[in-house]
Amino acid sequence: MESPTHNVGRWLDRHADTAGDRRAIVDAERDLDYTALCDRTRRCAAVLRDAGVERGDRVAILLGNRSAYLETVFASARLGAIAVPVNARFTPPEIQRILDDCTPRILIHESGLSKQAEVASALSKLSRVRRITCGGEDDPYEAALAASRPLCDLEPVSPEDPMLLLYTSGTTGVPKGALLPHRKTLFNSLNTQLYFELTRSDRTLVPLPLFHSFGLLILALPTLYTGGSVYLMPRFDPDEVWEIVDREQITLLGGVPTMFQSLLEALGREPATRLNRDSLRFMFTAGAAVSAELVLSFEKRNLVLKQGYGQTETSILCCLDARDAIRKAGSVGRPVFHVDLRVIDRETLSDRIGGWRDVAVGETGEIVARGPITFLGYWNLPEATAETLRGDWVRTGDLATVDAEGFVTLVARARDMYISGGENVYPAEIENAFAEHPTIREVAVVGIPDAKWGETGRAYVVPAEGSALDTEALLEWASERLARFKLPSEFVVVDSLPRTASGKVQKHRLPQINSR
């Protein structure tokens, strides 16, 4: 049933009505209470409506971490439109592909992007897309808000109506848009509230970009749902993180494991008198496994580090408390409250759901999940949707084991994906890009351990006949087509790639080489 009460945009109205003077968002430019945030969001909704945005239209967001980002997300929801966060680390061709796919009615983007020739060229091709820039001396976004009248109406929606379109790279190398409904945002916030024990007194620091599910759906939106305060960092700097924690008495800090390694190193540079952060209830990490040593190192400084596991299509699926981090080292924890999670024998997944077999303790199977936190499907990709959604179950593609206490341990990641600095990297996308280079005949990319980034890519290359491998030239060429975090850190020349009889590359048979 459709109702304004199902609309996530209503959250801010309720907080403004009950405790409008409570701090909501702090960024590099402004400090907003809930009354001000609600007013700005209503004005943003009016700006979007006047630009022609209607129910179901896409609103693309290409911004840094600033209040305008969250205002646009909530304003889009108010109209029944779909917000589309775009990864600001993507190259112009990657950005253009996403915008061509989602066909937004309007794009809200940083003013500085218009000064970058390649980005400006890509954006100029969006002739039918209205654009509003944010930031700079004149700041058209701020001017538009000031000139608009707050739109107080909320579009009635059902829990299943789409609210967000988050792009995640696919195994074919083409980004897939995961369509997320209003009920997913709500129940993910409820899971986070339960696990994080969030209250209105919490102050959450967000050093992660809001175009990531982690920064947006696990840190920012749940905190605003609860009525707490969100502190947005425009970019991650470990020393600045600790300064903000001290100055603002932060209670919750989230980040990927590579960030916490840098944060630990920053602590080592501080005087011993500053090692006790009493306000910080705990820190949370996801995106890759963390070592027991890292958890222990923070514990020695009276700092608690929790971890979790999830996907864009599901958000948080499992969480591991700090008290279990050492005892269950390597595990991602147990399932969260609002989800049903099973680990299924892969040989039975082709059967009807009733024929699926849960693996025994210690056996490896594929994680499947269902519940109100799952996505609707992939944007304009019915085959990919059918492959991932089986009834109301989501096939994650992740292989795992479960112990006698119900703790889940990942064995392998979905479809060769690896995580570099918190970014999901899919080898197929990199391989497709390098396959276009005239000096490369074949290429296979795998993730390898890296002390700084957690993992980086190693490319096994079969050069074209008569060609030599010029690593610097290849990286320069690829940097125009791929984001920096996707570029391989190592190149290995091989005579051929091992393949199966059907032609698939057997990556486990590639030469094992010690990293530099």
# chains A, B, ... in the order shown; residues from 1 in each chain; ligands from 1
call {"tool": "residues_around", "arguments": {"residues": "region 452-460 of chain A", "least_positions_apart": "5", "cutoff": "7 Å", "atoms": "only C-alpha atoms", "output": "list in words"}}
result
Thr258, Tyr418, Ile419, Ser420, Gly421, Val443, Ala444, Val445, Val446, Gly447, Leu487, Pro488, Ser489, Glu490, Phe491, Val492, Val493 and Val494 of chain A
call {"tool": "write_last_selection", "arguments": {"atoms": "C-alpha atoms", "output": "mmCIF file, in the first residue's frame"}}
result
data_model
loop_
_atom_site.group_PDB
_atom_site.id
_atom_site.type_symbol
_atom_site.label_atom_id
_atom_site.label_comp_id
_atom_site.auth_asym_id
_atom_site.auth_seq_id
_atom_site.Cartn_x
_atom_site.Cartn_y
_atom_site.Cartn_z
ATOM 1 C CA THR A 258 43.289 0.066 5.081
ATOM 2 C CA TYR A 418 39.169 -8.327 -4.857
ATOM 3 C CA ILE A 419 39.110 -5.242 -2.639
ATOM 4 C CA SER A 420 41.747 -2.522 -2.917
ATOM 5 C CA GLY A 421 41.614 0.261 -0.358
ATOM 6 C CA VAL A 443 45.639 -10.771 -20.141
ATOM 7 C CA ALA A 444 44.395 -12.180 -16.838
ATOM 8 C CA VAL A 445 44.198 -10.153 -13.612
ATOM 9 C CA VAL A 446 44.157 -11.488 -10.054
ATOM 10 C CA GLY A 447 44.193 -9.840 -6.651
ATOM 11 C CA LEU A 487 45.262 -0.220 -12.197
ATOM 12 C CA PRO A 488 47.470 -3.297 -11.605
ATOM 13 C CA SER A 489 50.508 -2.782 -9.416
ATOM 14 C CA GLU A 490 52.387 -5.634 -11.078
ATOM 15 C CA PHE A 491 52.745 -7.040 -14.598
ATOM 16 C CA VAL A 492 54.021 -10.535 -15.339
ATOM 17 C CA VAL A 493 54.860 -11.682 -18.874
ATOM 18 C CA VAL A 494 53.791 -15.254 -19.667
#
call {"tool": "residues_around", "arguments": {"residues": "region 134-149 of chain A", "least_positions_apart": "4", "cutoff": "8 Å", "atoms": "only C-alpha atoms", "output": "ChimeraX atom specification"}}
result
/A:40,43-44,46-47,63,68,108-112
call {"tool": "closest_atom_pairs", "arguments": {"of": "region 338-441 of chain A", "to": "region 83-101 of chain A", "cutoff": "12 Å", "atoms": "only C-alpha atoms", "output": "Markdown table"}}
result
| residue | atom | partner | partner_atom | distance |
| --- | --- | --- | --- | --- |
| A:Tyr378 | CA | A:Asp101 | CA | 11.5 |
| A:Trp379 | CA | A:Asp101 | CA | 8.5 |
| A:Asn380 | CA | A:Asp101 | CA | 8.4 |
| A:Leu381 | CA | A:Asp101 | CA | 10.7 |
| A:Glu423 | CA | A:Arg89 | CA | 10.1 |
| A:Asn424 | CA | A:Asn87 | CA | 11.6 |
| A:Glu429 | CA | A:Glu94 | CA | 10.9 |
| A:Ala433 | CA | A:Glu94 | CA | 11.4 |
call {"tool": "write_last_selection", "arguments": {"atoms": "C-alpha atoms", "output": "CSV table (one decimal), in the first residue's frame"}}
result
chain,number,residue,atom,x,y,z
A,378,TYR,CA,19.7,-4.8,-11.6
A,379,TRP,CA,18.7,-1.8,-13.7
A,380,ASN,CA,17.7,-2.9,-17.2
A,381,LEU,CA,19.5,-6.3,-16.8
A,423,GLU,CA,37.0,-0.4,-3.4
A,424,ASN,CA,35.5,-3.4,-5.1
A,429,GLU,CA,36.7,-4.9,-16.3
A,433,ALA,CA,40.3,-2.6,-21.0
call {"tool": "closest_residue", "arguments": {"among": "A:Gly64, A:Gly391, A:Pro335, A:Pro257", "to": "Asp321 (chain A)", "atoms": "only C-alpha atoms"}}
result
A:Pro335
call {"tool": "residues_around", "arguments": {"residues": "Glu243 (chain A)", "least_positions_apart": "2", "cutoff": "12 Å", "atoms": "only C-alpha atoms", "output": "PyMOL selection string"}}
result
chain A and resi 205+233+237-241+245-250+263+266-267+270+274-275+277
call {"tool": "closest_residue", "arguments": {"among": "A:Thr396, A:Val425, A:Asp403, A:Asn188", "to": "Ala483 (chain A)", "atoms": "only C-alpha atoms"}}
result
A:Val425
call {"tool": "select_by_dssp", "arguments": {"residues": "region 294-350 of chain A", "states": "strand (DSSP E or B)", "output": "ChimeraX atom specification"}}
result
/A:305-311,315-320,333-335,340-344
call {"tool": "write_last_selection", "arguments": {"atoms": "N, CA and C atoms", "output": "tab-separated table (two decimals), in the first residue's frame"}}
result
chain	number	residue	atom	x	y	z
A	305	LEU	N	37.29	-2.26	17.98
A	305	LEU	CA	37.09	-2.36	16.53
A	305	LEU	C	36.19	-3.54	16.22
A	306	LYS	N	35.00	-3.26	15.65
A	306	LYS	CA	34.08	-4.30	15.21
A	306	LYS	C	34.17	-4.42	13.69
A	307	GLN	N	33.71	-5.53	13.16
A	307	GLN	CA	33.73	-5.70	11.71
A	307	GLN	C	32.46	-6.38	11.22
A	308	GLY	N	32.23	-6.25	9.91
A	308	GLY	CA	31.03	-6.83	9.32
A	308	GLY	C	31.25	-7.22	7.88
A	309	TYR	N	30.20	-7.77	7.28
A	309	TYR	CA	30.26	-8.24	5.89
A	309	TYR	C	28.91	-7.97	5.24
A	310	GLY	N	28.95	-7.58	3.99
A	310	GLY	CA	27.72	-7.37	3.23
A	310	GLY	C	28.03	-7.04	1.79
A	311	GLN	N	26.97	-6.69	1.06
A	311	GLN	CA	27.09	-6.33	-0.34
A	311	GLN	C	26.18	-5.14	-0.62
A	315	SER	N	23.42	-4.82	1.73
A	315	SER	CA	24.02	-4.08	2.85
A	315	SER	C	24.53	-5.08	3.90
A	316	ILE	N	24.46	-4.74	5.17
A	316	ILE	CA	25.06	-5.61	6.19
A	316	ILE	C	24.34	-6.96	6.26
A	317	LEU	N	25.12	-8.03	6.22
A	317	LEU	CA	24.58	-9.38	6.38
A	317	LEU	C	25.05	-10.02	7.68
A	318	CYS	N	26.32	-9.79	8.02
A	318	CYS	CA	26.90	-10.38	9.23
A	318	CYS	C	27.72	-9.33	9.97
A	319	CYS	N	27.81	-9.50	11.27
A	319	CYS	CA	28.64	-8.62	12.09
A	319	CYS	C	29.38	-9.45	13.13
A	320	LEU	N	30.60	-9.03	13.41
A	320	LEU	CA	31.44	-9.71	14.41
A	320	LEU	C	31.77	-8.71	15.51
A	333	GLY	N	31.45	-12.97	11.45
A	333	GLY	CA	30.42	-12.89	12.47
A	333	GLY	C	29.18	-13.69	12.16
A	334	ARG	N	28.11	-13.34	12.86
A	334	ARG	CA	26.83	-14.02	12.69
A	334	ARG	C	25.83	-13.11	11.98
A	335	PRO	N	24.78	-13.67	11.39
A	335	PRO	CA	23.81	-12.86	10.65
A	335	PRO	C	23.16	-11.78	11.51
A	340	ASP	N	17.42	-13.46	6.74
A	340	ASP	CA	17.59	-14.91	6.79
A	340	ASP	C	18.80	-15.23	5.94
A	341	LEU	N	19.75	-15.93	6.51
A	341	LEU	CA	20.99	-16.25	5.79
A	341	LEU	C	21.25	-17.74	5.86
A	342	ARG	N	21.57	-18.31	4.70
A	342	ARG	CA	21.91	-19.72	4.61
A	342	ARG	C	23.20	-19.89	3.82
A	343	VAL	N	23.89	-20.97	4.06
A	343	VAL	CA	25.06	-21.35	3.26
A	343	VAL	C	24.71	-22.67	2.59
A	344	ILE	N	24.59	-22.63	1.25
A	344	ILE	CA	24.00	-23.72	0.49
A	344	ILE	C	25.05	-24.48	-0.32
call {"tool": "closest_residue", "arguments": {"among": "A:Ala36, A:Gly330, A:Ala19, A:Val461", "to": "Val290 (chain A)", "atoms": "only C-alpha atoms"}}
result
A:Gly330
call {"tool": "closest_residue", "arguments": {"among": "A:Val8, A:Val304, A:Leu252, A:Ala60", "to": "Asp161 (chain A)", "atoms": "only C-alpha atoms"}}
result
A:Val8
call {"tool": "closest_residue", "arguments": {"among": "A:Val408, A:Arg390, A:Val505, A:Ala81", "to": "Ala428 (chain A)", "atoms": "only C-alpha atoms"}}
result
A:Val505
call {"tool": "atom_distance", "arguments": {"atom1": "CA of Pro498 (chain A)", "atom2": "CA of Glu480 (chain A)"}}
result
29.3 Å
call {"tool": "closest_residue", "arguments": {"among": "A:Arg200, A:Arg301, A:Lys507, A:Arg183", "to": "Ser229 (chain A)", "atoms": "only C-alpha atoms"}}
result
A:Arg200
call {"tool": "atom_distance", "arguments": {"atom1": "CA of Arg22 (chain A)", "atom2": "CA of Tyr34 (chain A)"}}
result
6.0 Å
call {"tool": "atom_distance", "arguments": {"atom1": "CA of Leu62 (chain A)", "atom2": "CA of Asp27 (chain A)"}}
result
16.6 Å
